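Undergrad: Would you mind keeping the following structure in view while I ask a few things?
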Amino acid sequence: MKPFLYQRPGSLAQTFDLLSEYGSSARILAGGTDLIVGLRQQSVDASVLVDIKGIGEFLPEVAFADGHFVIGATTDISRVCENEKFRATFPALVEAMETVGSVQIRNRATLVGNVCNASPAADTVPPLAIYGAMVNVGGRDGTRQVPVQEFIRGPRQTALRPGEFVLSVQLPVPNAPLGVAFARLTRRRGVDLATVNLSCSIDSVGTVRFAFGAVGPRLVLGIERSGVLADSGAPAGDRDAALANLIAATSPRTDIRGTQDYRSAMLLVLSRRILAEAAGRLDSGQP
Amino acid sequence: MIDALPVVLNINGLKYEFEVLPYRSLLDVLRDELGLTGTKECCAVGECGACTVHFDGRSINACLMLAIEADGGSVTTIEGIAPPGEMTRVQDAFLEHGAVQCGFCIPGMVMSAEYLLARNPHPTEEETREGLSGNLCRCGGYNRMLQAISSVSEESTP
Ligand code: FES
Ligand code: FES
């Protein structure tokens, strides 16, 4: 690794001071599972790492307030997955989080870091968007909220402005019955990036939402309100046509993990599957 | 010029105080500065698990953690998993089941297996596979490892 300075501020105020002092040469360090790899492979350049794990204001555990779950910037994925109430409320997101890396990675990697890394293939992002997650962005002048799908603007690009960093991600508890499912396709289970990943929700009035990852520079969202996708008795051809219509908004590429055609074909197959799963969850009263 | 920073670390029950450059990984310091070479380096990017140690009781990849980040914490490496001269049940079971071939992945495998069994003494085969999914064995000896772990699980009272 190229030499860098290390700072461990004890408060948010000190962190903002450091970010304005060092500007774009500073990088935030939380779990480090992407950042350290980037530094070692020299795909990331930093002259200062600002380790935010010493910030007194951050809670290590998932918090619940005013109908929202709040996950702080230093909370690792394993801790989120261990929270029983969170698991019961956001099962599809938990499934996505449990596919991130390995046990050792999840014990360090943070959910916020997975969002900030802004990888088009991030597995947590489709279900976060489906559950309506907001990113709480902190700056010297206060905090602003950005929906997760707007926060990630493209590969490795976020809506962060100079001097800002992400304080937390928050998720509203669904206020009406909702069934949500998640799927991903990888070449092998375990440490690998997704070839495609997707999540969908279905509510009791028949609205279906889809989020497709790894098939475009940013997340692709679709919504279908005609009721054909919510009606499992509708002709299969009509349902496939409605899914194909949503998938048409994606722009998969050919790369080492799969060809464009393969990705499109798998999106349809997996969309059918998670739609059935989400409908089952809606019927069983699971969110 | 970047200065070395002071670190206090408990490693395998002993207190270590030293200075470290901020861009040194915990793995490099364990191996190159403290002589604890049981923990291996292979990929250095978090994919193989050869560098698995327990930090504050949780299994992590030592190649993805800076030594300075570990300041004030406690680390258990393969050298400290059992008292000197002794082996854990997992280590014995790996030997009994012939789970060790070249041996390079074994310290990391043992650390992952110990972590799994400490939290879940009777894992299903699927849970065991998931528990070891961050550890690669280039010799491909996974089945014997699974057998070894399941034998330890069966011995302990449910
Ligand atoms: S050396 Fe750390 S995971 Fe491979
Ligand atoms: S025993 Fe050789 S790498 Fe696992």
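Letters A, B, ... go to the chains of the structure tokens in the order shown; residues in each chain start at 1; ligands are counted from 1 in the same order.
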Report as a ChimeraX atom specification which protein, DNA and RNA residues come within 10 Å of ligand 2, using only C-alpha atoms and all ligand atoms.
TA: /B:48,50,98-109,135-142,145
Undergrad: At a cut-off of 8 Å, which residues of chain B touch chain A? Count only C-alpha atoms and give the answer as a PyMOL selection string.
TA: chain B and resi 2+22-24+44-47+49+52+58-61+64-65+69+130-134
Undergrad: Which residues are close to A:Asn197, i.e. within 7 Å by only C-alpha atoms, leaving aside same-chain residues fewer than 2 positions away? Reply as a tab-separated table (two decimals) with N, CA, C and O atoms, in the first residue's frame.
TA:
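Writing done, so here's selection11.tsv:
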chain	number	residue	atom	x	y	z
A	123	ASP	N	-25.28	-5.87	-3.75
A	123	ASP	CA	-26.48	-6.69	-3.54
A	123	ASP	C	-27.50	-6.04	-2.62
A	123	ASP	O	-28.69	-6.36	-2.70
A	183	ALA	N	-33.31	-11.77	-5.22
A	183	ALA	CA	-32.56	-12.87	-5.83
A	183	ALA	C	-31.29	-12.32	-6.44
A	183	ALA	O	-31.21	-11.14	-6.80
A	184	ARG	N	-30.30	-13.17	-6.52
A	184	ARG	CA	-29.07	-12.79	-7.21
A	184	ARG	C	-28.56	-14.00	-7.95
A	184	ARG	O	-28.85	-15.14	-7.58
A	185	LEU	N	-27.77	-13.73	-8.97
A	185	LEU	CA	-27.15	-14.81	-9.70
A	185	LEU	C	-25.65	-14.56	-9.65
A	185	LEU	O	-25.19	-13.45	-9.92
A	194	ALA	N	-22.25	-10.04	-8.14
A	194	ALA	CA	-23.45	-10.54	-8.78
A	194	ALA	C	-23.38	-10.36	-10.29
A	194	ALA	O	-22.90	-9.34	-10.79
A	195	THR	N	-23.88	-11.37	-11.01
A	195	THR	CA	-24.08	-11.24	-12.45
A	195	THR	C	-25.32	-10.38	-12.69
A	195	THR	O	-25.32	-9.49	-13.54
A	212	PHE	N	-33.68	-3.55	-10.36
A	212	PHE	CA	-32.71	-4.44	-11.01
A	212	PHE	C	-31.30	-3.86	-10.85
A	212	PHE	O	-31.07	-2.70	-11.20
A	213	GLY	N	-30.37	-4.68	-10.35
A	213	GLY	CA	-28.99	-4.23	-10.17
A	213	GLY	C	-28.04	-4.98	-11.11
A	213	GLY	O	-28.37	-6.05	-11.62
A	214	ALA	N	-26.87	-4.40	-11.33
A	214	ALA	CA	-25.80	-4.99	-12.15
A	214	ALA	C	-26.17	-5.08	-13.63
A	214	ALA	O	-25.53	-5.78	-14.40
Undergrad: Measuring between only C-alpha atoms and all ligand atoms, which one of B:Glu126, B:Glu41, B:Glu96, B:Glu155 shows the shortest distance to ligand 1?
TA: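 Using only C-alpha atoms and all ligand atoms, the shortest distance to ligand 1 belongs to B:Glu41.
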Undergrad: Can you pull out the residues contacting A:Gly154? Cut-off 8 Å, using only C-alpha atoms, and skip same-chain residues under 3 positions away; I want them as JSON, numbers by chain.
TA: {"A": [118, 119, 120, 157, 158, 217, 218]}
Undergrad: Mind writing the picked residues with N, CA and C atoms as a compact mmCIF listing (two decimals), in the first residue's frame?
TA:
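As a result, again.txt now contains:
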# COMPACT_ATOMS: atom_id res chain seq x y z
N ALA A 118 -20.92 2.43 -4.04
CA ALA A 118 -21.60 2.74 -5.30
C ALA A 118 -21.22 1.79 -6.43
N SER A 119 -21.17 0.50 -6.08
CA SER A 119 -20.94 -0.50 -7.13
C SER A 119 -22.28 -0.81 -7.79
N PRO A 120 -22.32 -0.87 -9.13
CA PRO A 120 -23.59 -1.22 -9.78
C PRO A 120 -24.06 -2.62 -9.37
N GLN A 157 -19.94 6.60 -8.21
CA GLN A 157 -20.32 8.02 -8.08
C GLN A 157 -21.51 8.15 -7.15
N THR A 158 -21.39 9.04 -6.18
CA THR A 158 -22.49 9.27 -5.26
C THR A 158 -22.87 10.74 -5.28
N PRO A 217 -25.65 1.29 -15.54
CA PRO A 217 -24.73 2.08 -14.73
C PRO A 217 -25.30 2.42 -13.35
N ARG A 218 -26.63 2.45 -13.25
CA ARG A 218 -27.23 2.61 -11.94
C ARG A 218 -28.46 1.74 -11.82
Undergrad: When distances are computed from only C-alpha atoms and all ligand atoms, which of B:Ala113, B:Cys43, B:Val7, B:Ala93 shows the smallest separation from ligand 1?
TA: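 Closest to ligand 1, using only C-alpha atoms and all ligand atoms: B:Cys43.
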Undergrad: Using DSSP on the backbone, list every residue of stretch 64-203 of chain A that comes out as strand (DSSP E), and give them as number ranges by chain.
TA: A: 64-65, 68-72, 134-139, 142-147, 152-154, 157-158, 165-172, 178-185, 196-203
Undergrad: Excluding same-chain residues fewer than 4 positions from stretch 273-280 of chain A, what lies within 9 Å of it counting only C-alpha atoms, as a list of chain:residue names?
TA: A:Leu178, A:Gly179, A:Val180, A:Ala181, A:Phe182, A:Ala183, A:Leu198, A:Ser199, A:Cys200, A:Ser201, A:Ile202, A:Asp203, A:Val208, A:Leu229, A:Ala230, A:Ser232, A:Leu268, A:Val269, A:Ser284, A:Gly285, A:Gln286, A:Pro287
Undergrad: Any idea what's packed within 10 Å of A:Asp141, counting only C-alpha atoms, ignoring anything in its chain fewer than 2 positions away? Could you give it as a PyMOL selection string?
TA: chain A and resi 16+138-139+143-144+164
Undergrad: Enumerate, as an NGL selection string, the complete set of residues in stretch 16-228 of chain A that a backbone-based DSSP assignment places in alpha helix (DSSP H).
TA: :A and (16-22 or 35-40 or 77-82 or 84-89 or 91-97 or 103-106 or 111-116 or 125-130 or 148-151)
Undergrad: Which polymer residues have any atom within 9 Å of an atom of A:Tyr22, counting only C-alpha atoms, with same-chain residues fewer than 4 positions away left out, as a ChimeraX atom specification?
TA: /A:17-18,26,47-48
Undergrad: Here is a test: counting only C-alpha atoms, which residue of B:Gln147, B:Ser25, B:Thr39, B:Thr124 is nearest to B:Ala70?
TA: B:Ser25
Undergrad: Rounded to one decimal in Å, what is the spacing between atom CA of B:Val8 and atom CA of B:Gly38?
TA: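 Pair atom CA of B:Val8 / atom CA of B:Gly38 returns 20.9 Å.
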Undergrad: Pick out the closest residue to ligand 1 from this set: B:Asp3, B:Asp28, B:Glu17, B:Glu125. Count only C-alpha atoms and all ligand atoms.
TA: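 Nearest candidate to ligand 1 out of B:Asp3, B:Asp28, B:Glu17, B:Glu125: B:Asp28.
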Undergrad: Quick one: of B:Arg129, B:Glu79, B:Pro123, B:Leu66, who's nearest to ligand 1, counting only C-alpha atoms and all ligand atoms?
TA: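 Closest to ligand 1, using only C-alpha atoms and all ligand atoms: B:Leu66.
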